[in-house]
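Visitor: Below you'll find protein-v7.cif; it's mmCIF, C-alpha atoms.
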```cif
data_work
loop_
_atom_site.label_atom_id
_atom_site.label_comp_id
_atom_site.auth_asym_id
_atom_site.auth_seq_id
_atom_site.Cartn_x
_atom_site.Cartn_y
_atom_site.Cartn_z
CA MET A 1 2.86 21.65 48.68
CA ALA A 2 5.97 19.70 49.57
CA GLU A 3 7.25 20.28 53.09
CA PRO A 4 10.58 22.09 53.07
CA ARG A 5 13.31 19.47 53.44
CA LEU A 6 15.95 21.94 54.58
CA ALA A 7 15.55 24.21 57.59
CA PRO A 8 17.14 27.66 57.75
CA GLY A 9 20.73 27.35 58.99
CA THR A 10 21.31 23.96 57.34
CA PRO A 11 24.74 23.70 55.66
CA VAL A 12 24.37 22.51 52.08
CA ARG A 13 26.56 21.83 49.10
CA VAL A 14 25.46 22.60 45.56
CA ARG A 15 25.54 19.43 43.49
CA VAL A 16 28.26 19.25 40.88
CA GLY A 17 26.47 18.42 37.67
CA PHE A 18 26.68 19.64 34.13
CA PRO A 19 23.42 18.90 32.37
CA THR A 20 23.39 20.03 28.77
CA THR A 21 19.73 20.99 29.17
CA HIS A 22 18.32 24.18 30.71
CA CYS A 23 18.82 24.75 34.41
CA ARG A 24 18.91 27.73 36.78
CA THR A 25 21.95 26.76 38.88
CA PRO A 26 24.89 29.11 38.22
CA PHE A 27 28.12 27.40 37.23
CA PHE A 28 30.15 29.40 39.73
CA LEU A 29 28.22 27.90 42.64
CA ARG A 30 28.35 24.23 41.62
CA GLY A 31 30.28 22.41 44.34
CA ALA A 32 30.10 25.44 46.65
CA THR A 33 29.09 25.09 50.27
CA GLY A 34 26.55 27.47 51.74
CA ILE A 35 23.90 27.90 54.41
CA VAL A 36 20.15 27.76 53.84
CA GLU A 37 18.87 31.25 54.57
CA ALA A 38 15.17 30.64 53.89
CA PHE A 39 12.65 28.41 52.17
CA VAL A 40 10.96 30.47 49.48
CA GLY A 41 8.19 28.21 48.24
CA VAL A 42 7.44 25.52 45.68
CA PHE A 43 7.65 26.55 42.04
CA HIS A 44 7.08 24.90 38.70
CA ASP A 45 10.28 23.15 37.67
CA PRO A 46 12.13 25.47 35.27
CA GLU A 47 14.07 22.52 33.88
CA LYS A 48 10.76 21.16 32.54
CA LEU A 49 9.06 24.47 31.76
CA ALA A 50 11.93 25.23 29.38
CA TYR A 51 10.76 22.31 27.24
CA HIS A 52 7.04 23.20 27.26
CA LYS A 53 6.23 20.64 29.95
CA PRO A 54 3.96 21.58 32.88
CA GLY A 55 6.87 21.68 35.34
CA LEU A 56 5.27 19.28 37.79
CA PRO A 57 5.98 18.10 40.39
CA GLY A 58 7.06 21.51 41.63
CA ARG A 59 10.46 22.08 43.16
CA ALA A 60 11.18 23.60 46.55
CA LEU A 61 13.25 26.75 46.23
CA TYR A 62 15.69 28.02 48.85
CA ARG A 63 17.65 31.22 49.34
CA VAL A 64 21.19 29.95 50.01
CA ARG A 65 23.96 32.15 51.40
CA PHE A 66 27.58 31.62 50.34
CA ASP A 67 30.73 33.32 51.57
CA HIS A 68 32.27 35.53 48.94
CA LEU A 69 35.80 34.28 48.35
CA GLY A 70 38.71 36.48 47.36
CA PRO A 71 41.34 35.63 44.72
CA ASP A 72 43.23 33.62 47.38
CA GLY A 73 40.13 31.53 48.13
CA ALA A 74 39.67 33.03 51.60
CA PRO A 75 36.34 34.55 52.70
CA THR A 76 36.28 38.33 52.28
CA GLY A 77 33.41 38.94 54.70
CA ASP A 78 31.04 39.71 51.83
CA GLU A 79 28.40 37.21 50.74
CA VAL A 80 26.45 35.96 47.74
CA ILE A 81 22.88 34.74 48.04
CA ALA A 82 21.38 32.70 45.24
CA ASP A 83 18.05 30.94 44.84
CA ILE A 84 18.67 27.22 44.37
CA TYR A 85 16.13 24.45 43.79
CA ASP A 86 15.99 21.54 46.20
CA HIS A 87 17.31 18.86 43.84
CA TRP A 88 20.57 20.79 43.42
CA LEU A 89 21.26 20.81 47.17
CA GLU A 90 23.01 18.09 49.19
CA ALA A 91 23.57 17.98 52.93
CA SER A 92 27.04 19.20 53.83
CA ARG A 93 29.14 18.55 56.91
CA MET B 1 38.05 75.79 -3.17
CA THR B 2 38.31 74.07 -6.53
CA PRO B 3 35.23 72.66 -8.22
CA HIS B 4 36.63 69.26 -7.54
CA ASP B 5 36.92 69.97 -3.81
CA GLY B 6 33.43 71.38 -3.82
CA HIS B 7 32.11 68.24 -5.35
CA GLY B 8 33.99 66.14 -2.85
CA HIS B 9 32.56 68.20 0.00
CA ASP B 10 29.03 67.98 -1.35
CA HIS B 11 29.34 64.31 -1.81
CA HIS B 12 30.65 63.90 1.71
CA GLY B 13 27.87 66.07 3.10
CA HIS B 14 25.25 64.14 1.18
CA HIS B 15 26.57 60.87 2.49
CA HIS B 16 26.76 62.18 6.05
CA ASP B 17 23.20 63.54 5.98
CA HIS B 18 21.81 60.18 5.06
CA ALA B 19 23.95 57.97 7.23
CA PRO B 20 21.43 57.70 10.12
CA ILE B 21 18.66 56.71 7.71
CA GLU B 22 20.83 54.06 6.16
CA GLU B 23 21.43 52.67 9.64
CA HIS B 24 17.72 52.32 10.21
CA GLU B 25 17.27 50.79 6.79
CA ALA B 26 20.07 48.28 7.28
CA PRO B 27 18.93 44.73 6.61
CA PRO B 28 17.38 43.24 9.76
CA GLY B 29 19.57 40.89 11.74
CA ALA B 30 18.78 37.29 12.61
CA PHE B 31 16.97 38.21 15.84
CA GLN B 32 14.76 40.77 14.07
CA HIS B 33 13.81 38.12 11.51
CA LEU B 34 13.09 35.63 14.27
CA GLU B 35 11.01 38.11 16.29
CA ARG B 36 8.97 39.09 13.26
CA ALA B 37 8.41 35.50 12.15
CA VAL B 38 7.30 34.37 15.61
CA ARG B 39 5.10 37.44 16.12
CA GLU B 40 3.38 37.00 12.77
CA LEU B 41 2.83 33.29 13.35
CA LEU B 42 1.33 33.91 16.81
CA ILE B 43 -1.06 36.44 15.30
CA GLU B 44 -1.93 34.25 12.28
CA LYS B 45 -2.68 31.26 14.48
CA GLY B 46 -4.82 33.32 16.83
CA VAL B 47 -2.61 32.83 19.89
CA LEU B 48 -2.21 36.58 20.34
CA THR B 49 -3.68 39.61 18.63
CA ALA B 50 -1.64 42.54 17.37
CA GLU B 51 -3.59 44.70 19.84
CA GLN B 52 -2.50 42.53 22.77
CA ILE B 53 1.12 42.81 21.70
CA SER B 54 0.85 46.58 21.34
CA ARG B 55 -0.81 46.85 24.75
CA GLN B 56 1.94 44.80 26.37
CA ILE B 57 4.57 47.06 24.78
CA ASP B 58 2.67 50.05 26.20
CA VAL B 59 2.62 48.45 29.66
CA MET B 60 6.37 47.80 29.55
CA GLU B 61 7.08 51.32 28.35
CA SER B 62 4.95 52.74 31.17
CA ARG B 63 7.26 51.12 33.73
CA SER B 64 10.19 53.25 34.78
CA PRO B 65 12.42 53.71 37.82
CA ALA B 66 10.02 56.45 38.97
CA LEU B 67 7.70 53.67 40.14
CA GLY B 68 10.39 52.02 42.25
CA ALA B 69 11.40 55.42 43.62
CA ARG B 70 7.83 55.99 44.86
CA VAL B 71 7.98 52.65 46.66
CA VAL B 72 11.33 53.41 48.31
CA ALA B 73 10.24 56.92 49.35
CA LYS B 74 7.08 55.51 50.94
CA ALA B 75 9.12 52.87 52.77
CA TRP B 76 11.32 55.65 54.20
CA ALA B 77 8.43 57.89 55.20
CA ASP B 78 5.87 55.37 56.41
CA PRO B 79 6.98 52.69 58.92
CA ALA B 80 3.72 50.73 58.50
CA PHE B 81 4.32 50.54 54.76
CA ARG B 82 7.95 49.54 55.33
CA ASP B 83 6.74 46.62 57.47
CA ALA B 84 4.21 45.63 54.80
CA LEU B 85 6.95 45.77 52.15
CA ARG B 86 9.12 43.45 54.25
CA ALA B 87 6.27 41.00 54.73
CA ASP B 88 4.97 40.86 51.13
CA ALA B 89 6.41 43.34 48.68
CA ARG B 90 3.90 42.59 45.94
CA ALA B 91 0.92 43.14 48.20
CA ALA B 92 2.49 46.32 49.59
CA VAL B 93 3.09 47.92 46.19
CA GLY B 94 -0.39 46.76 45.19
CA MET B 95 -1.76 48.92 48.03
CA MET B 96 -0.05 51.88 46.32
CA GLY B 97 -2.02 51.11 43.17
CA ILE B 98 0.98 49.59 41.39
CA ALA B 99 -0.22 46.32 39.90
CA ILE B 100 2.49 43.73 39.32
CA PRO B 101 2.22 40.08 38.28
CA ASP B 102 2.01 37.30 40.83
CA LEU B 103 5.19 35.74 39.47
CA PRO B 104 8.04 36.27 39.64
CA ARG B 105 7.80 37.16 43.30
CA LEU B 106 9.06 40.55 44.46
CA VAL B 107 11.41 40.90 47.43
CA ALA B 108 12.64 44.19 48.94
CA LEU B 109 16.24 44.10 50.16
CA GLU B 110 16.86 46.82 52.71
CA ASN B 111 20.25 48.39 53.11
CA ALA B 112 21.22 49.23 56.67
CA PRO B 113 24.27 50.59 58.46
CA GLY B 114 26.91 47.90 57.82
CA LEU B 115 24.95 46.12 55.06
CA HIS B 116 24.82 46.95 51.36
CA ASN B 117 22.74 44.92 48.89
CA LEU B 118 23.69 44.47 45.24
CA VAL B 119 21.52 42.70 42.64
CA VAL B 120 22.70 40.77 39.60
CA CYS B 121 21.45 37.97 37.37
CA THR B 122 24.51 35.90 36.52
CA LEU B 123 22.49 33.53 34.29
CA CYS B 124 20.73 36.08 32.09
CA SER B 125 19.19 39.46 32.85
CA CYS B 126 16.37 38.96 35.39
CA TYR B 127 15.38 42.39 36.69
CA PRO B 128 12.40 43.89 38.58
CA ARG B 129 10.93 45.27 35.35
CA MET B 130 7.55 45.73 37.00
CA LEU B 131 9.06 48.52 39.13
CA LEU B 132 12.14 49.68 37.21
CA GLY B 133 11.24 49.16 33.54
CA ILE B 134 13.78 47.98 30.99
CA PRO B 135 17.20 47.16 32.47
CA PRO B 136 20.22 49.25 31.47
CA ALA B 137 22.51 47.66 28.88
CA TRP B 138 25.34 47.17 31.38
CA TYR B 139 23.08 45.10 33.64
CA LYS B 140 22.76 42.54 30.82
CA SER B 141 26.46 42.61 29.92
CA ALA B 142 28.76 39.67 30.61
CA PRO B 143 31.29 41.81 32.53
CA TYR B 144 28.70 43.04 35.06
CA ARG B 145 27.09 39.62 35.39
CA SER B 146 30.36 37.85 36.08
CA ARG B 147 32.16 40.51 38.09
CA ALA B 148 29.31 41.46 40.43
CA VAL B 149 29.71 38.11 42.19
CA ARG B 150 33.48 37.77 41.78
CA ASP B 151 34.59 41.30 42.67
CA PRO B 152 31.59 43.24 44.01
CA ARG B 153 33.77 45.89 45.70
CA GLY B 154 35.66 46.51 42.49
CA VAL B 155 32.39 46.85 40.57
CA LEU B 156 30.97 49.28 43.14
CA ALA B 157 34.17 51.34 43.01
CA GLU B 158 33.76 51.64 39.23
CA PHE B 159 30.23 52.95 39.82
CA GLY B 160 31.74 55.51 42.19
CA VAL B 161 30.30 53.89 45.30
CA THR B 162 32.51 53.92 48.38
CA LEU B 163 31.04 52.19 51.40
CA PRO B 164 31.94 52.94 55.01
CA ALA B 165 34.65 50.62 56.36
CA GLY B 166 33.26 47.41 57.74
CA THR B 167 30.18 47.39 55.49
CA ARG B 168 29.28 43.89 54.34
CA ILE B 169 28.17 43.49 50.73
CA ARG B 170 25.40 41.00 50.10
CA VAL B 171 25.06 40.14 46.41
CA SER B 172 21.70 38.63 45.46
CA ASP B 173 21.86 36.54 42.30
CA SER B 174 18.39 36.48 40.66
CA THR B 175 18.67 32.86 39.60
CA ALA B 176 15.07 31.75 39.94
CA ASP B 177 11.56 32.98 40.76
CA LEU B 178 12.38 36.05 42.86
CA ARG B 179 13.07 39.60 41.71
CA PHE B 180 14.80 42.06 43.98
CA LEU B 181 14.36 45.76 44.70
CA VAL B 182 17.08 47.33 46.84
CA VAL B 183 15.80 49.85 49.38
CA PRO B 184 18.77 52.18 49.81
CA GLU B 185 19.45 53.93 53.10
CA ARG B 186 17.56 57.16 53.58
CA PRO B 187 19.98 60.09 53.28
CA ALA B 188 20.66 62.10 56.43
CA GLY B 189 19.17 65.59 56.52
CA THR B 190 15.82 64.61 54.97
CA GLU B 191 13.77 64.58 58.17
CA GLY B 192 10.23 65.71 57.56
CA TRP B 193 10.49 65.53 53.77
CA SER B 194 7.43 64.53 51.77
CA GLU B 195 7.36 61.29 49.79
CA ASP B 196 7.60 63.28 46.55
CA GLN B 197 10.68 65.11 47.79
CA LEU B 198 12.26 61.86 48.96
CA GLY B 199 11.46 60.06 45.73
CA ALA B 200 13.59 62.56 43.79
CA LEU B 201 16.65 61.26 45.69
CA VAL B 202 16.07 57.62 44.69
CA THR B 203 18.03 56.73 41.55
CA ARG B 204 17.64 53.62 39.42
CA ASP B 205 21.12 52.48 40.36
CA SER B 206 20.39 52.90 44.07
CA MET B 207 17.58 50.34 43.64
CA ILE B 208 19.96 47.89 41.91
CA GLY B 209 22.66 48.49 44.51
CA THR B 210 25.20 49.99 42.13
CA GLY B 211 24.47 53.41 43.61
CA LEU B 212 23.34 55.16 46.77
CA ALA B 213 20.42 57.53 47.22
CA LEU B 214 21.37 61.10 46.35
CA PRO B 215 22.31 63.49 49.15
CA PRO B 216 19.68 66.19 49.80
#
```
Once you've parsed the file, please lay out its structure as structure tokens.
Guide:
Amino acid sequence: MAEPRLAPGTPVRVRVGFPTTHCRTPFFLRGATGIVEAFVGVFHDPEKLAYHKPGLPGRALYRVRFDHLGPDGAPTGDEVIADIYDHWLEASR
Amino acid sequence: MTPHDGHGHDHHGHHHDHAPIEEHEAPPGAFQHLERAVRELLIEKGVLTAEQISRQIDVMESRSPALGARVVAKAWADPAFRDALRADARAAVGMMGIAIPDLPRLVALENAPGLHNLVVCTLCSCYPRMLLGIPPAWYKSAPYRSRAVRDPRGVLAEFGVTLPAGTRIRVSDSTADLRFLVVPERPAGTEGWSEDQLGALVTRDSMIGTGLALPP
């Protein structure tokens, strides 16, 4: 089991990338900044499982909380939480 | 009515009577062909048996929102179970005799005064089938999947849900290996109710977050 790289409360940015292959990172969150809510565990890599590979090494998975933004781009007070794999997350300042 | 009209009517009636059958006998679409081809190949090559496929269909059809409602009612009525559900939802429902697979992992999201949970899968249609059965068609639709994260309040309003002022909405996007069951707030005026009575107030939508538990 990989040690979780990101502690709860860590600000992170979702990597902006557009692979043409399978991935589980929603488009609407790419480039978005959020806060790590929790480390979930290490799971087989869905980007490999999709192509009948064993999905190893596993990927750490985090619950990441994002502010919900209104049409004007300002936070509404609501929030979106998505589960994002480690290699899609960069430290944010 | 002239003979001609009568004929026209009979012909119309004949056509109408058979329309539903014709629908069922319509040529299968591409996905039906694909499903049948893959299923038959899996059976021919000995990967799966027809019995295993039938059994799995039976298992899926045995799952319905009534299972989730039992879980929610127990969480309302039994604080020890509620704590167990928070700690490990799969183990907790397992104690109720509801067997669910190890993966994807199950997480219970509890509503509270000032907090309302809403579940969506923006990427596809991930859903806690092990407790709620087959998802409703709207849950899989592009409008719900895109708007639940963009305009959650607007979506809730369309479902007839009005939240008290100051309530924060937390949308959980089922992007990966977790599946979510919303535990709605227990309605006021249900003190002392049995789990069976409480379960009747728990709707499917209240466990997705597009509804609230019914008033007593």
Visitor: From the options B:Ala30, B:Val119, B:Ala213, B:Ala157, which residue's atoms come nearest to chain A, counting only C-alpha atoms?
Guide: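 Going through B:Ala30, B:Val119, B:Ala213, B:Ala157 one by one, the smallest distance to chain A is for B:Val119.
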Visitor: Each residue of chain A lying at most 10 Å from chain B should get a row with its shortest atom-to-atom pair and the distance in Å to one decimal, counting all atoms listed in the file; could you produce that, ordered by chain and increasing number, as a tab-separated table?
Guide:
```
residue	atom	partner	partner_atom	distance
A:Cys23	CA	B:Leu123	CA	9.5
A:Arg24	CA	B:Thr175	CA	5.9
A:Thr25	CA	B:Thr175	CA	7.0
A:Pro26	CA	B:Leu123	CA	6.4
A:Phe27	CA	B:Leu123	CA	8.8
A:Phe28	CA	B:Val149	CA	9.1
A:Val40	CA	B:Leu178	CA	8.8
A:Gly41	CA	B:Asp177	CA	9.5
A:Val42	CA	B:Asp177	CA	9.8
A:Phe43	CA	B:Asp177	CA	7.6
A:His44	CA	B:Asp177	CA	9.5
A:Pro46	CA	B:Ala176	CA	8.4
A:Leu61	CA	B:Ala176	CA	8.2
A:Tyr62	CA	B:Ala176	CA	9.7
A:Arg63	CA	B:Ser172	CA	9.3
A:Val64	CA	B:Ser172	CA	9.8
A:Arg65	CA	B:Arg170	CA	9.1
A:Phe66	CA	B:Arg170	CA	9.6
A:Asp67	CA	B:Arg170	CA	9.5
A:His68	CA	B:Arg150	CA	7.6
A:Leu69	CA	B:Arg150	CA	7.8
A:Gly70	CA	B:Arg150	CA	7.8
A:Pro71	CA	B:Arg150	CA	8.7
A:Thr76	CA	B:Arg168	CA	9.2
A:Gly77	CA	B:Arg168	CA	6.5
A:Asp78	CA	B:Ile169	CA	4.9
A:Glu79	CA	B:Arg170	CA	4.9
A:Val80	CA	B:Val171	CA	4.6
A:Ile81	CA	B:Ser172	CA	4.8
A:Ala82	CA	B:Asp173	CA	4.9
A:Asp83	CA	B:Thr175	CA	5.6
A:Ile84	CA	B:Ala176	CA	7.3
A:Tyr85	CA	B:Ala176	CA	8.3
```
Visitor: Just checking: using all atoms listed in the file, which residue out of A:Pro11, A:Pro75, A:Pro19, A:Pro54 ends up closest to Glu90 (chain A)?
Guide: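 For Glu90 (chain A), the nearest of the candidates is A:Pro11.
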Visitor: Running the PyMOL selection byres ((chain B and resi 59-68) around 9) on this model by hand, what would come out? Give it as a PDB file with C-alpha atoms, in the frame of the given file.
Guide:
```pdb
ATOM      1  CA  SER B  54       0.850  46.580  21.340  1.00  0.00           C
ATOM      2  CA  ARG B  55      -0.810  46.850  24.750  1.00  0.00           C
ATOM      3  CA  GLN B  56       1.940  44.800  26.370  1.00  0.00           C
ATOM      4  CA  ILE B  57       4.570  47.060  24.780  1.00  0.00           C
ATOM      5  CA  ASP B  58       2.670  50.050  26.200  1.00  0.00           C
ATOM      6  CA  ALA B  69      11.400  55.420  43.620  1.00  0.00           C
ATOM      7  CA  ARG B  70       7.830  55.990  44.860  1.00  0.00           C
ATOM      8  CA  VAL B  71       7.980  52.650  46.660  1.00  0.00           C
ATOM      9  CA  VAL B  72      11.330  53.410  48.310  1.00  0.00           C
ATOM     10  CA  ALA B  73      10.240  56.920  49.350  1.00  0.00           C
ATOM     11  CA  ILE B  98       0.980  49.590  41.390  1.00  0.00           C
ATOM     12  CA  ARG B 129      10.930  45.270  35.350  1.00  0.00           C
ATOM     13  CA  MET B 130       7.550  45.730  37.000  1.00  0.00           C
ATOM     14  CA  LEU B 131       9.060  48.520  39.130  1.00  0.00           C
ATOM     15  CA  LEU B 132      12.140  49.680  37.210  1.00  0.00           C
ATOM     16  CA  GLY B 133      11.240  49.160  33.540  1.00  0.00           C
ATOM     17  CA  ILE B 134      13.780  47.980  30.990  1.00  0.00           C
ATOM     18  CA  LEU B 181      14.360  45.760  44.700  1.00  0.00           C
ATOM     19  CA  GLY B 199      11.460  60.060  45.730  1.00  0.00           C
ATOM     20  CA  ALA B 200      13.590  62.560  43.790  1.00  0.00           C
ATOM     21  CA  VAL B 202      16.070  57.620  44.690  1.00  0.00           C
ATOM     22  CA  THR B 203      18.030  56.730  41.550  1.00  0.00           C
ATOM     23  CA  ARG B 204      17.640  53.620  39.420  1.00  0.00           C
ATOM     24  CA  MET B 207      17.580  50.340  43.640  1.00  0.00           C
TER      25      MET B 207
END
```
Visitor: Since I can't run it myself right now, could you work out what the PyMOL selection byres ((chain A and resi 5) around 12) selects here and report it as a ChimeraX atom specification?
Guide: /A:1-4,6-8,10,12,36,38-42,59-62,85-87,89-91
Visitor: Would you compute the distance between CA of Arg179 (chain B) and CA of Cys126 (chain B)? Give it in Å to one decimal.
Guide: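 Separation between CA of Arg179 (chain B) and CA of Cys126 (chain B): 7.2 Å.
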Visitor: Give me, please, the distance in Å between CA of Gly189 (chain B) and CA of Leu109 (chain B), quoted to one decimal.
Guide: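 The value is 22.6 Å.
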Visitor: What is the distance, in Å and to one decimal place, between CA of Pro101 (chain B) and CA of Pro128 (chain B)?
Guide: 10.9 Å
Visitor: Need to verify the contact set: Ala84 (chain B), 12 Å, only C-alpha atoms, exclusion of same-chain residues closer than 3 positions in sequence. Can you return it as a ChimeraX atom specification?
Guide: /B:71,74-75,78-81,87-96,107-108
Visitor: I'd like the contact shell of Leu212 (chain B) - 7 Å cut-off, all atoms listed in the file, skipping same-chain residues fewer than 2 positions apart - returned as a list of chain:residue names.
Guide: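 Close residues of Leu212 (chain B): B:Pro184, B:Ser206, B:Leu214.
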Visitor: With only C-alpha atoms as the basis for distance, which of B:Glu35, B:Asp205, B:Glu44, B:Glu51 is at the shortest distance from Pro136 (chain B)?
Guide: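 Using only C-alpha atoms, the shortest distance to Pro136 (chain B) belongs to B:Asp205.
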Visitor: For the point (32.4, 22.0, 47.4) in the file's frame, write as a PyMOL selection string all residues with an atom no more than 8 Å away, counting all atoms listed in the file.
Guide: chain A and resi 13-14+30-33
